[in-house]
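Participant: Input input-v3.cif, format and content: mmCIF, C-alpha atoms.
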data_structure
loop_
_atom_site.group_PDB
_atom_site.id
_atom_site.type_symbol
_atom_site.label_atom_id
_atom_site.label_comp_id
_atom_site.auth_asym_id
_atom_site.auth_seq_id
_atom_site.Cartn_x
_atom_site.Cartn_y
_atom_site.Cartn_z
ATOM 1 C CA MET A 1 48.003 20.706 10.472
ATOM 2 C CA ALA A 2 49.070 24.307 9.963
ATOM 3 C CA GLU A 3 52.510 23.776 11.462
ATOM 4 C CA THR A 4 53.346 20.646 9.491
ATOM 5 C CA ARG A 5 55.777 21.113 6.630
ATOM 6 C CA ALA A 6 54.891 20.220 3.076
ATOM 7 C CA PRO A 7 55.450 16.472 2.586
ATOM 8 C CA ALA A 8 58.337 15.325 0.415
ATOM 9 C CA ALA A 9 57.431 14.245 -3.089
ATOM 10 C CA ARG A 10 56.737 10.528 -2.756
ATOM 11 C CA PRO A 11 55.210 8.092 -5.200
ATOM 12 C CA LEU A 12 51.430 7.933 -4.822
ATOM 13 C CA SER A 13 49.700 4.647 -4.193
ATOM 14 C CA PRO A 14 48.085 3.210 -7.310
ATOM 15 C CA HIS A 15 44.451 4.125 -7.891
ATOM 16 C CA LEU A 16 41.538 2.611 -9.830
ATOM 17 C CA GLN A 17 43.459 2.029 -13.057
ATOM 18 C CA VAL A 18 45.596 -0.804 -11.658
ATOM 19 C CA TYR A 19 42.689 -2.935 -10.479
ATOM 20 C CA ARG A 20 40.561 -5.310 -12.475
ATOM 21 C CA LEU A 21 37.085 -3.834 -12.712
ATOM 22 C CA THR A 22 34.610 -5.718 -10.521
ATOM 23 C CA LEU A 23 30.845 -5.460 -10.182
ATOM 24 C CA THR A 24 31.075 -4.350 -6.541
ATOM 25 C CA MET A 25 33.456 -1.560 -7.588
ATOM 26 C CA VAL A 26 31.096 -0.381 -10.318
ATOM 27 C CA MET A 27 28.134 -0.485 -7.917
ATOM 28 C CA SER A 28 30.101 1.606 -5.423
ATOM 29 C CA GLY A 29 30.601 4.219 -8.137
ATOM 30 C CA PHE A 30 26.947 3.979 -9.234
ATOM 31 C CA HIS A 31 25.808 4.645 -5.678
ATOM 32 C CA ARG A 32 27.720 7.898 -5.486
ATOM 33 C CA ILE A 33 26.838 8.949 -9.045
ATOM 34 C CA SER A 34 23.132 8.216 -8.542
ATOM 35 C CA GLY A 35 23.221 10.230 -5.303
ATOM 36 C CA PHE A 36 24.908 13.086 -7.160
ATOM 37 C CA GLY A 37 22.210 12.979 -9.826
ATOM 38 C CA LEU A 38 19.383 12.847 -7.289
ATOM 39 C CA TYR A 39 20.837 15.939 -5.619
ATOM 40 C CA PHE A 40 20.123 18.021 -8.713
ATOM 41 C CA GLY A 41 16.934 16.092 -9.421
ATOM 42 C CA THR A 42 15.424 17.668 -6.317
ATOM 43 C CA ILE A 43 15.166 20.867 -8.387
ATOM 44 C CA LEU A 44 12.474 19.048 -10.396
ATOM 45 C CA LEU A 45 10.730 17.930 -7.202
ATOM 46 C CA ALA A 46 10.712 21.501 -5.874
ATOM 47 C CA TRP A 47 9.530 22.831 -9.251
ATOM 48 C CA TRP A 48 6.726 20.257 -9.445
ATOM 49 C CA LEU A 49 5.481 21.061 -5.910
ATOM 50 C CA MET A 50 5.772 24.808 -6.449
ATOM 51 C CA ALA A 51 3.924 24.508 -9.773
ATOM 52 C CA ALA A 52 1.117 22.539 -8.135
ATOM 53 C CA ALA A 53 0.897 25.161 -5.377
ATOM 54 C CA SER A 54 0.982 28.118 -7.771
ATOM 55 C CA GLY A 55 -1.987 27.324 -10.010
ATOM 56 C CA PRO A 56 -3.079 25.920 -13.397
ATOM 57 C CA ASN A 57 -0.706 28.016 -15.546
ATOM 58 C CA GLY A 58 2.385 27.134 -13.578
ATOM 59 C CA TYR A 59 1.362 23.490 -13.484
ATOM 60 C CA ALA A 60 0.788 23.479 -17.247
ATOM 61 C CA ARG A 61 4.374 24.695 -17.760
ATOM 62 C CA PHE A 62 5.713 21.872 -15.602
ATOM 63 C CA GLU A 63 3.511 19.324 -17.380
ATOM 64 C CA TRP A 64 4.749 20.574 -20.730
ATOM 65 C CA PHE A 65 8.339 19.996 -19.619
ATOM 66 C CA ALA A 66 7.655 16.644 -17.930
ATOM 67 C CA GLY A 67 5.749 15.414 -20.977
ATOM 68 C CA SER A 68 8.453 16.384 -23.481
ATOM 69 C CA LEU A 69 10.971 13.811 -24.692
ATOM 70 C CA ILE A 70 13.840 15.413 -22.744
ATOM 71 C CA GLY A 71 11.623 15.709 -19.679
ATOM 72 C CA ARG A 72 10.606 12.066 -19.832
ATOM 73 C CA LEU A 73 14.225 10.956 -20.267
ATOM 74 C CA ILE A 74 15.290 13.024 -17.252
ATOM 75 C CA LEU A 75 12.395 11.720 -15.164
ATOM 76 C CA PHE A 76 13.144 8.139 -16.219
ATOM 77 C CA GLY A 77 16.772 8.635 -15.180
ATOM 78 C CA TYR A 78 15.604 10.240 -11.945
ATOM 79 C CA THR A 79 13.342 7.273 -11.204
ATOM 80 C CA TRP A 80 16.178 4.830 -11.837
ATOM 81 C CA ALA A 81 18.633 6.856 -9.725
ATOM 82 C CA LEU A 82 16.097 7.035 -6.889
ATOM 83 C CA ILE A 83 15.408 3.292 -6.904
ATOM 84 C CA HIS A 84 19.052 2.354 -7.441
ATOM 85 C CA HIS A 85 20.231 4.618 -4.632
ATOM 86 C CA THR A 86 17.535 3.220 -2.321
ATOM 87 C CA LEU A 87 18.512 -0.394 -3.065
ATOM 88 C CA GLY A 88 22.211 0.507 -2.806
ATOM 89 C CA GLY A 89 21.427 2.166 0.507
ATOM 90 C CA ILE A 90 19.747 -1.005 1.778
ATOM 91 C CA ARG A 91 22.908 -2.892 0.742
ATOM 92 C CA HIS A 92 25.041 -0.436 2.709
ATOM 93 C CA LEU A 93 22.757 -0.780 5.742
ATOM 94 C CA ILE A 94 23.141 -4.578 5.574
ATOM 95 C CA TRP A 95 26.913 -4.054 5.515
ATOM 96 C CA ASP A 96 26.620 -1.664 8.477
ATOM 97 C CA THR A 97 25.327 -4.584 10.561
ATOM 98 C CA GLY A 98 28.496 -6.504 9.672
ATOM 99 C CA ARG A 99 26.723 -8.954 7.359
ATOM 100 C CA GLY A 100 27.037 -9.585 3.640
ATOM 101 C CA PHE A 101 30.801 -9.267 3.205
ATOM 102 C CA GLY A 102 31.403 -12.836 2.020
ATOM 103 C CA ALA A 103 32.777 -13.259 -1.514
ATOM 104 C CA GLN A 104 29.537 -14.692 -2.875
ATOM 105 C CA GLN A 105 27.244 -12.552 -0.737
ATOM 106 C CA ARG A 106 28.717 -9.258 -1.910
ATOM 107 C CA GLU A 107 28.574 -10.337 -5.557
ATOM 108 C CA TRP A 108 24.977 -11.406 -5.076
ATOM 109 C CA LEU A 109 24.083 -8.114 -3.389
ATOM 110 C CA ALA A 110 25.746 -6.089 -6.141
ATOM 111 C CA ALA A 111 23.907 -8.035 -8.859
ATOM 112 C CA ALA A 112 20.600 -7.747 -6.949
ATOM 113 C CA THR A 113 21.046 -3.978 -6.685
ATOM 114 C CA ILE A 114 21.519 -3.346 -10.391
ATOM 115 C CA ILE A 115 19.005 -5.945 -11.658
ATOM 116 C CA GLY A 116 16.484 -4.917 -9.010
ATOM 117 C CA SER A 117 16.794 -1.224 -9.807
ATOM 118 C CA ILE A 118 16.304 -1.736 -13.551
ATOM 119 C CA VAL A 119 13.320 -4.082 -13.101
ATOM 120 C CA LEU A 120 11.643 -1.862 -10.487
ATOM 121 C CA THR A 121 12.160 1.282 -12.602
ATOM 122 C CA VAL A 122 10.417 -0.362 -15.568
ATOM 123 C CA VAL A 123 7.632 -1.650 -13.278
ATOM 124 C CA VAL A 124 7.093 1.832 -11.794
ATOM 125 C CA TRP A 125 6.893 3.392 -15.264
ATOM 126 C CA VAL A 126 4.493 0.727 -16.566
ATOM 127 C CA ILE A 127 2.260 1.320 -13.528
ATOM 128 C CA GLY A 128 2.647 5.055 -14.100
ATOM 129 C CA TYR A 129 1.487 4.831 -17.711
ATOM 130 C CA LEU A 130 -1.388 2.545 -16.734
ATOM 131 C CA ALA A 131 -2.401 5.025 -14.012
ATOM 132 C CA MET A 132 -2.473 7.763 -16.615
ATOM 133 C CA GLY A 133 -4.717 5.638 -18.802
ATOM 134 C CA GLY A 134 -2.278 4.766 -21.573
ATOM 135 C CA SER A 135 0.211 7.066 -23.251
ATOM 136 C CA ARG A 136 -0.435 10.745 -23.514
ATOM 137 C CA MET B 1 55.811 16.098 19.666
ATOM 138 C CA SER B 2 58.322 15.201 22.391
ATOM 139 C CA ASP B 3 61.265 17.188 20.999
ATOM 140 C CA ILE B 4 59.421 20.516 20.797
ATOM 141 C CA ALA B 5 58.474 22.694 23.745
ATOM 142 C CA PRO B 6 54.827 22.309 24.744
ATOM 143 C CA LYS B 7 52.674 25.345 23.942
ATOM 144 C CA HIS B 8 49.949 24.426 26.410
ATOM 145 C CA PHE B 9 49.351 22.157 29.386
ATOM 146 C CA ARG B 10 46.992 19.733 27.691
ATOM 147 C CA THR B 11 48.555 16.392 26.947
ATOM 148 C CA PRO B 12 48.257 14.825 23.477
ATOM 149 C CA LEU B 13 45.976 12.156 24.955
ATOM 150 C CA ALA B 14 43.589 14.760 26.340
ATOM 151 C CA ARG B 15 43.482 16.459 22.980
ATOM 152 C CA VAL B 16 42.688 13.188 21.255
ATOM 153 C CA ARG B 17 39.983 12.408 23.808
ATOM 154 C CA GLY B 18 38.491 15.849 23.264
ATOM 155 C CA ARG B 19 38.501 15.144 19.502
ATOM 156 C CA GLY B 20 39.913 18.601 18.811
ATOM 157 C CA ALA B 21 38.003 21.691 17.845
ATOM 158 C CA ALA B 22 35.347 19.679 15.987
ATOM 159 C CA ARG B 23 34.263 17.948 19.259
ATOM 160 C CA SER B 24 32.643 15.183 17.299
ATOM 161 C CA GLY B 25 33.534 13.055 14.319
ATOM 162 C CA THR B 26 30.600 10.739 13.979
ATOM 163 C CA HIS B 27 27.561 13.014 14.093
ATOM 164 C CA GLU B 28 27.140 13.255 10.312
ATOM 165 C CA PHE B 29 27.985 9.587 9.779
ATOM 166 C CA TRP B 30 25.164 8.667 12.132
ATOM 167 C CA LEU B 31 22.755 11.254 10.728
ATOM 168 C CA GLN B 32 23.371 9.832 7.243
ATOM 169 C CA ARG B 33 22.367 6.362 8.544
ATOM 170 C CA VAL B 34 19.288 7.729 10.311
ATOM 171 C CA THR B 35 18.109 9.511 7.165
ATOM 172 C CA SER B 36 18.837 6.470 4.986
ATOM 173 C CA VAL B 37 16.743 4.194 7.217
ATOM 174 C CA ALA B 38 13.921 6.748 7.315
ATOM 175 C CA GLY B 39 14.341 7.304 3.585
ATOM 176 C CA ILE B 40 13.374 3.754 2.628
ATOM 177 C CA PRO B 41 9.672 3.841 3.633
ATOM 178 C CA LEU B 42 9.414 7.562 2.795
ATOM 179 C CA THR B 43 10.746 7.008 -0.741
ATOM 180 C CA ILE B 44 8.332 4.131 -1.331
ATOM 181 C CA MET B 45 5.419 6.269 -0.123
ATOM 182 C CA ALA B 46 6.536 9.305 -2.156
ATOM 183 C CA VAL B 47 6.776 7.201 -5.339
ATOM 184 C CA PHE B 48 3.295 5.820 -4.604
ATOM 185 C CA ILE B 49 1.926 9.361 -4.136
ATOM 186 C CA VAL B 50 3.493 10.554 -7.411
ATOM 187 C CA ILE B 51 1.946 7.604 -9.304
ATOM 188 C CA LEU B 52 -1.398 8.441 -7.710
ATOM 189 C CA LEU B 53 -1.155 12.013 -9.026
ATOM 190 C CA LEU B 54 -0.094 11.247 -12.604
ATOM 191 C CA GLY B 55 -2.412 12.655 -15.237
ATOM 192 C CA ARG B 56 -4.554 14.621 -12.779
ATOM 193 C CA ASN B 57 -5.127 18.340 -13.221
ATOM 194 C CA GLN B 58 -3.588 21.020 -11.002
ATOM 195 C CA ALA B 59 -6.610 21.442 -8.748
ATOM 196 C CA ALA B 60 -6.793 17.721 -7.992
ATOM 197 C CA VAL B 61 -3.017 17.454 -7.487
ATOM 198 C CA ALA B 62 -2.983 20.418 -5.102
ATOM 199 C CA GLN B 63 -5.949 19.024 -3.189
ATOM 200 C CA ILE B 64 -4.380 15.574 -2.733
ATOM 201 C CA LEU B 65 -0.906 16.951 -1.876
ATOM 202 C CA GLY B 66 -2.549 19.241 0.656
ATOM 203 C CA ALA B 67 -4.446 16.427 2.397
ATOM 204 C CA PRO B 68 -3.055 16.042 5.939
ATOM 205 C CA LEU B 69 -1.599 12.536 5.696
ATOM 206 C CA VAL B 70 -0.122 13.069 2.208
ATOM 207 C CA ALA B 71 1.296 16.466 3.195
ATOM 208 C CA VAL B 72 2.975 15.073 6.316
ATOM 209 C CA ILE B 73 4.497 12.160 4.373
ATOM 210 C CA MET B 74 5.795 14.561 1.696
ATOM 211 C CA LEU B 75 7.199 16.942 4.334
ATOM 212 C CA LEU B 76 9.025 14.076 6.051
ATOM 213 C CA PHE B 77 10.317 12.886 2.656
ATOM 214 C CA ILE B 78 11.570 16.376 1.779
ATOM 215 C CA ILE B 79 13.279 17.042 5.134
ATOM 216 C CA CYS B 80 14.848 13.582 5.240
ATOM 217 C CA THR B 81 16.066 13.911 1.624
ATOM 218 C CA VAL B 82 17.522 17.382 2.088
ATOM 219 C CA ILE B 83 19.516 16.407 5.211
ATOM 220 C CA HIS B 84 20.765 13.234 3.507
ATOM 221 C CA MET B 85 21.788 14.963 0.284
ATOM 222 C CA LYS B 86 23.582 17.796 2.065
ATOM 223 C CA ILE B 87 25.814 15.343 3.934
ATOM 224 C CA GLY B 88 26.261 13.239 0.791
ATOM 225 C CA MET B 89 27.352 16.158 -1.371
ATOM 226 C CA GLN B 90 29.616 17.411 1.421
ATOM 227 C CA GLU B 91 31.305 13.996 1.411
ATOM 228 C CA ILE B 92 31.807 14.163 -2.351
ATOM 229 C CA LEU B 93 33.247 17.700 -2.120
ATOM 230 C CA VAL B 94 35.764 16.928 0.621
ATOM 231 C CA ASP B 95 36.822 13.815 -1.294
ATOM 232 C CA TYR B 96 37.351 15.377 -4.704
ATOM 233 C CA VAL B 97 38.081 19.106 -4.278
ATOM 234 C CA PRO B 98 41.685 19.570 -3.146
ATOM 235 C CA ASP B 99 41.810 23.373 -3.416
ATOM 236 C CA GLU B 100 40.883 24.842 -0.037
ATOM 237 C CA SER B 101 39.122 28.035 -1.165
ATOM 238 C CA MET B 102 37.233 26.217 -3.919
ATOM 239 C CA LYS B 103 36.198 23.554 -1.432
ATOM 240 C CA LEU B 104 34.887 26.129 1.053
ATOM 241 C CA THR B 105 33.001 27.938 -1.724
ATOM 242 C CA LEU B 106 31.356 24.719 -2.874
ATOM 243 C CA LEU B 107 30.546 23.631 0.697
ATOM 244 C CA LEU B 108 28.843 26.987 1.191
ATOM 245 C CA ALA B 109 26.975 26.595 -2.102
ATOM 246 C CA ASN B 110 25.917 23.095 -1.001
ATOM 247 C CA THR B 111 24.422 24.448 2.212
ATOM 248 C CA PHE B 112 22.585 27.237 0.389
ATOM 249 C CA PHE B 113 21.285 24.883 -2.319
ATOM 250 C CA CYS B 114 19.906 22.365 0.184
ATOM 251 C CA TRP B 115 18.206 25.031 2.285
ATOM 252 C CA ILE B 116 16.665 26.736 -0.755
ATOM 253 C CA VAL B 117 15.390 23.542 -2.391
ATOM 254 C CA GLY B 118 14.152 22.241 0.959
ATOM 255 C CA LEU B 119 12.369 25.439 1.823
ATOM 256 C CA ILE B 120 10.738 25.819 -1.615
ATOM 257 C CA ALA B 121 9.379 22.281 -1.474
ATOM 258 C CA THR B 122 8.268 22.644 2.145
ATOM 259 C CA TYR B 123 6.595 25.992 1.467
ATOM 260 C CA ALA B 124 4.725 24.555 -1.516
ATOM 261 C CA ILE B 125 3.352 21.664 0.551
ATOM 262 C CA LEU B 126 2.321 23.974 3.398
ATOM 263 C CA LYS B 127 0.642 26.376 0.966
ATOM 264 C CA MET B 128 -1.423 23.566 -0.565
ATOM 265 C CA SER B 129 -2.189 22.169 2.853
ATOM 266 C CA PHE B 130 -3.326 25.422 4.462
ATOM 267 C CA GLY B 131 -4.981 26.622 1.266
ATOM 268 C CA VAL B 132 -3.747 30.191 1.298
#
Hey, can you dump this file as structure tokens for me?

Facilitator:
Amino acid sequence: MAETRAPAARPLSPHLQVYRLTLTMVMSGFHRISGFGLYFGTILLAWWLMAAASGPNGYARFEWFAGSLIGRLILFGYTWALIHHTLGGIRHLIWDTGRGFGAQQREWLAAATIIGSIVLTVVVWVIGYLAMGGSR
Amino acid sequence: MSDIAPKHFRTPLARVRGRGAARSGTHEFWLQRVTSVAGIPLTIMAVFIVILLLGRNQAAVAQILGAPLVAVIMLLFIICTVIHMKIGMQEILVDYVPDESMKLTLLLANTFFCWIVGLIATYAILKMSFGV
């Protein structure tokens, strides 16, 4: 690559803006965005584990953050991103086997990913609140 | 290629077969699939463990996280996640960062971030497990 000359200025191929937005396109974006979010969410995972390992004071600080409104919003988003990325990953693994590319199949898979992730996130949080014995 | 004098004896075909200086082009693609397959059961188990620990005090949380089976599941979840997210972020960076020096800086930061987060989480689990 080092010896190649700079390419002549040529028109670029059209990008996202020229296409009609489809559900599969949006889900493709969501998969990457949720992965990006989860990346930074691991800071919370590491903090939680370190707090639990460090002792009652450290754990109380984490619990204060996790119990705050901002903390709960972030954790809710983290839960959704985790579940959405997992379901999206299953969809990609199905595609890796060469299946699920039909017009109806891919629409169905895209819809299942987003509906499934929202439903499962709510279910996990309801179970979570029940496990804690009602709201805190 | 044909109109310039060859600089070495290797033919273009041999260079293609050798896949250049990188030697391999599919290692990370495959590793991303391996960690995504492993990630499915590990994520389900990790979510289950977190639900189990909600509302418990620090001593109880540390005791459960340090229990052998729970600790091993969490360690697998952490290692699998960290490998997967390093490759994922690397993919995002090479896609969206055109500037070469900025890209290298961010790729370096990505490596450091994943190692640090992974090691902190791993250390915490081991500390609770070995009770030191």

Participant: Show me a table, sorted first by chain and then by increasing residue number, of the residues of chain B having an atom at most 6 Å from chain A, each with its shortest atom pair and the distance in Å to one decimal, counting all atoms listed in the file and written as CSV.

Facilitator:
residue,atom,partner,partner_atom,distance
B:Ile51,CA,A:Gly128,CA,5.5
B:Leu54,CA,A:Met132,CA,5.8
B:Gly55,CA,A:Met132,CA,5.1
B:Gln58,CA,A:Pro56,CA,5.5
B:Ala62,CA,A:Ala52,CA,5.5
B:Ala121,CA,A:Ala46,CA,4.7
B:Ala124,CA,A:Met50,CA,5.0
B:Met128,CA,A:Ala53,CA,5.6

Participant: Would you mind telling me which residue in B:Ala59, B:Leu75, B:Leu106, B:Ile92 lies nearest to Ile120 of chain B when using all atoms listed in the file?

Facilitator: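 Answer, going by the shortest atom-to-atom distance: B:Leu75.
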
Participant: Using the chain letters and residue numbers of this document, give as an mmCIF file with C-alpha atoms, keeping the file's coordinate frame the residues selected by the PyMOL selection byres ((chain B and resi 74) around 8).

Facilitator:
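Result saved to out_0.cif:
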data_model
loop_
_atom_site.group_PDB
_atom_site.id
_atom_site.type_symbol
_atom_site.label_atom_id
_atom_site.label_comp_id
_atom_site.auth_asym_id
_atom_site.auth_seq_id
_atom_site.Cartn_x
_atom_site.Cartn_y
_atom_site.Cartn_z
ATOM 1 C CA LEU B 42 9.414 7.562 2.795
ATOM 2 C CA ALA B 46 6.536 9.305 -2.156
ATOM 3 C CA LEU B 65 -0.906 16.951 -1.876
ATOM 4 C CA VAL B 70 -0.122 13.069 2.208
ATOM 5 C CA ALA B 71 1.296 16.466 3.195
ATOM 6 C CA VAL B 72 2.975 15.073 6.316
ATOM 7 C CA ILE B 73 4.497 12.160 4.373
ATOM 8 C CA LEU B 75 7.199 16.942 4.334
ATOM 9 C CA LEU B 76 9.025 14.076 6.051
ATOM 10 C CA PHE B 77 10.317 12.886 2.656
ATOM 11 C CA ILE B 78 11.570 16.376 1.779
ATOM 12 C CA ILE B 125 3.352 21.664 0.551
#

Participant: Can you list, as a count of residues only, every protein, DNA or RNA residue that comes within 9 Å of Leu53 of chain B when you count only C-alpha atoms, leaving out same-chain residues fewer than 3 positions away?

Facilitator: 11

Participant: Could you list, as a compact mmCIF listing (two decimals) with C-alpha atoms, in the frame of the given file, every residue within 12 Å of Ile115 of chain A, counting all atoms listed in the file and ignoring same-chain residues fewer than 3 positions away?

Facilitator:
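Written file, selection01.txt:
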# COMPACT_ATOMS: atom_id res chain seq x y z
CA LEU A 23 30.84 -5.46 -10.18
CA MET A 27 28.13 -0.48 -7.92
CA TRP A 80 16.18 4.83 -11.84
CA ILE A 83 15.41 3.29 -6.90
CA HIS A 84 19.05 2.35 -7.44
CA LEU A 87 18.51 -0.39 -3.06
CA GLY A 88 22.21 0.51 -2.81
CA TRP A 108 24.98 -11.41 -5.08
CA LEU A 109 24.08 -8.11 -3.39
CA ALA A 110 25.75 -6.09 -6.14
CA ALA A 111 23.91 -8.04 -8.86
CA ALA A 112 20.60 -7.75 -6.95
CA ILE A 118 16.30 -1.74 -13.55
CA VAL A 119 13.32 -4.08 -13.10
CA LEU A 120 11.64 -1.86 -10.49
CA THR A 121 12.16 1.28 -12.60
CA VAL A 122 10.42 -0.36 -15.57

Participant: For a quick check of understanding, using only C-alpha atoms, which of A:Ser28, A:Ser117, A:Gln104, A:Thr22 has the smallest distance to Phe76 of chain A?

Facilitator: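 Among the listed residues, A:Ser117 lies closest to Phe76 of chain A.
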
Participant: Quote the spacing between atom CA of Leu93 of chain B and atom CA of Thr111 of chain B in Å to one decimal place.

Facilitator: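 Computing the Euclidean distance for atom CA of Leu93 of chain B and atom CA of Thr111 of chain B yields 11.9 Å.
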
Participant: So how far away is atom CA of Leu21 of chain A from atom CA of Gln32 of chain B, in Å?

Facilitator: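 It comes out at 27.8 Å.
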
Participant: Atom CA of Met85 of chain B and atom CA of Gly118 of chain B are how many Å apart?

Facilitator: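 Computed distance, atom CA of Met85 of chain B to atom CA of Gly118 of chain B, equals 10.6 Å.
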
Participant: Given the choices B:Val94, B:Leu107, B:Met89, B:Ile79, which gets closest to Tyr123 of chain B if the distance is worked out from only C-alpha atoms?

Facilitator: B:Ile79

Participant: With all atoms listed in the file as the basis for distance, which of A:Ile74, A:Met25, A:Ala9, A:Ala81 is at the shortest distance from Gly116 of chain A?

Facilitator: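 Nearest to Gly116 of chain A: A:Ala81.
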
Participant: Return segment 44-65 of chain B, completed with N, CA and C atoms, as a compact mmCIF listing (two decimals), in the coordinates of the input.

Facilitator:
# COMPACT_ATOMS: atom_id res chain seq x y z
N ILE B 44 9.38 5.00 -0.79
CA ILE B 44 8.33 4.13 -1.33
C ILE B 44 6.99 4.87 -1.33
N MET B 45 6.69 5.55 -0.22
CA MET B 45 5.42 6.27 -0.12
C MET B 45 5.37 7.46 -1.09
N ALA B 46 6.50 8.16 -1.25
CA ALA B 46 6.54 9.30 -2.16
C ALA B 46 6.32 8.86 -3.60
N VAL B 47 6.96 7.73 -3.98
CA VAL B 47 6.78 7.20 -5.34
C VAL B 47 5.30 6.83 -5.55
N PHE B 48 4.70 6.21 -4.54
CA PHE B 48 3.30 5.82 -4.60
C PHE B 48 2.41 7.06 -4.79
N ILE B 49 2.71 8.12 -4.04
CA ILE B 49 1.93 9.36 -4.14
C ILE B 49 2.05 9.98 -5.53
N VAL B 50 3.28 9.99 -6.07
CA VAL B 50 3.49 10.55 -7.41
C VAL B 50 2.68 9.78 -8.45
N ILE B 51 2.71 8.43 -8.36
CA ILE B 51 1.95 7.60 -9.30
C ILE B 51 0.45 7.93 -9.20
N LEU B 52 0.01 8.12 -7.97
CA LEU B 52 -1.40 8.44 -7.71
C LEU B 52 -1.82 9.76 -8.38
N LEU B 53 -0.84 10.66 -8.53
CA LEU B 53 -1.16 12.01 -9.03
C LEU B 53 -0.96 12.17 -10.53
N LEU B 54 -0.38 11.14 -11.17
CA LEU B 54 -0.09 11.25 -12.60
C LEU B 54 -1.37 11.47 -13.41
N GLY B 55 -1.30 12.43 -14.33
CA GLY B 55 -2.41 12.66 -15.24
C GLY B 55 -3.56 13.46 -14.65
N ARG B 56 -3.49 13.81 -13.38
CA ARG B 56 -4.55 14.62 -12.78
C ARG B 56 -4.28 16.10 -13.02
N ASN B 57 -5.32 16.91 -13.00
CA ASN B 57 -5.13 18.34 -13.22
C ASN B 57 -4.63 19.03 -11.95
N GLN B 58 -4.24 20.29 -12.10
CA GLN B 58 -3.59 21.02 -11.00
C GLN B 58 -4.44 21.07 -9.74
N ALA B 59 -5.74 21.31 -9.92
CA ALA B 59 -6.61 21.44 -8.75
C ALA B 59 -6.64 20.15 -7.94
N ALA B 60 -6.74 19.02 -8.67
CA ALA B 60 -6.79 17.72 -7.99
C ALA B 60 -5.46 17.41 -7.33
N VAL B 61 -4.36 17.71 -8.04
CA VAL B 61 -3.02 17.45 -7.49
C VAL B 61 -2.81 18.26 -6.20
N ALA B 62 -3.17 19.54 -6.27
CA ALA B 62 -2.98 20.42 -5.10
C ALA B 62 -3.84 19.95 -3.93
N GLN B 63 -5.05 19.48 -4.25
CA GLN B 63 -5.95 19.02 -3.19
C GLN B 63 -5.40 17.77 -2.49
N ILE B 64 -4.90 16.83 -3.31
CA ILE B 64 -4.38 15.57 -2.73
C ILE B 64 -3.08 15.84 -1.96
N LEU B 65 -2.17 16.65 -2.56
CA LEU B 65 -0.91 16.95 -1.88
C LEU B 65 -1.14 17.73 -0.58
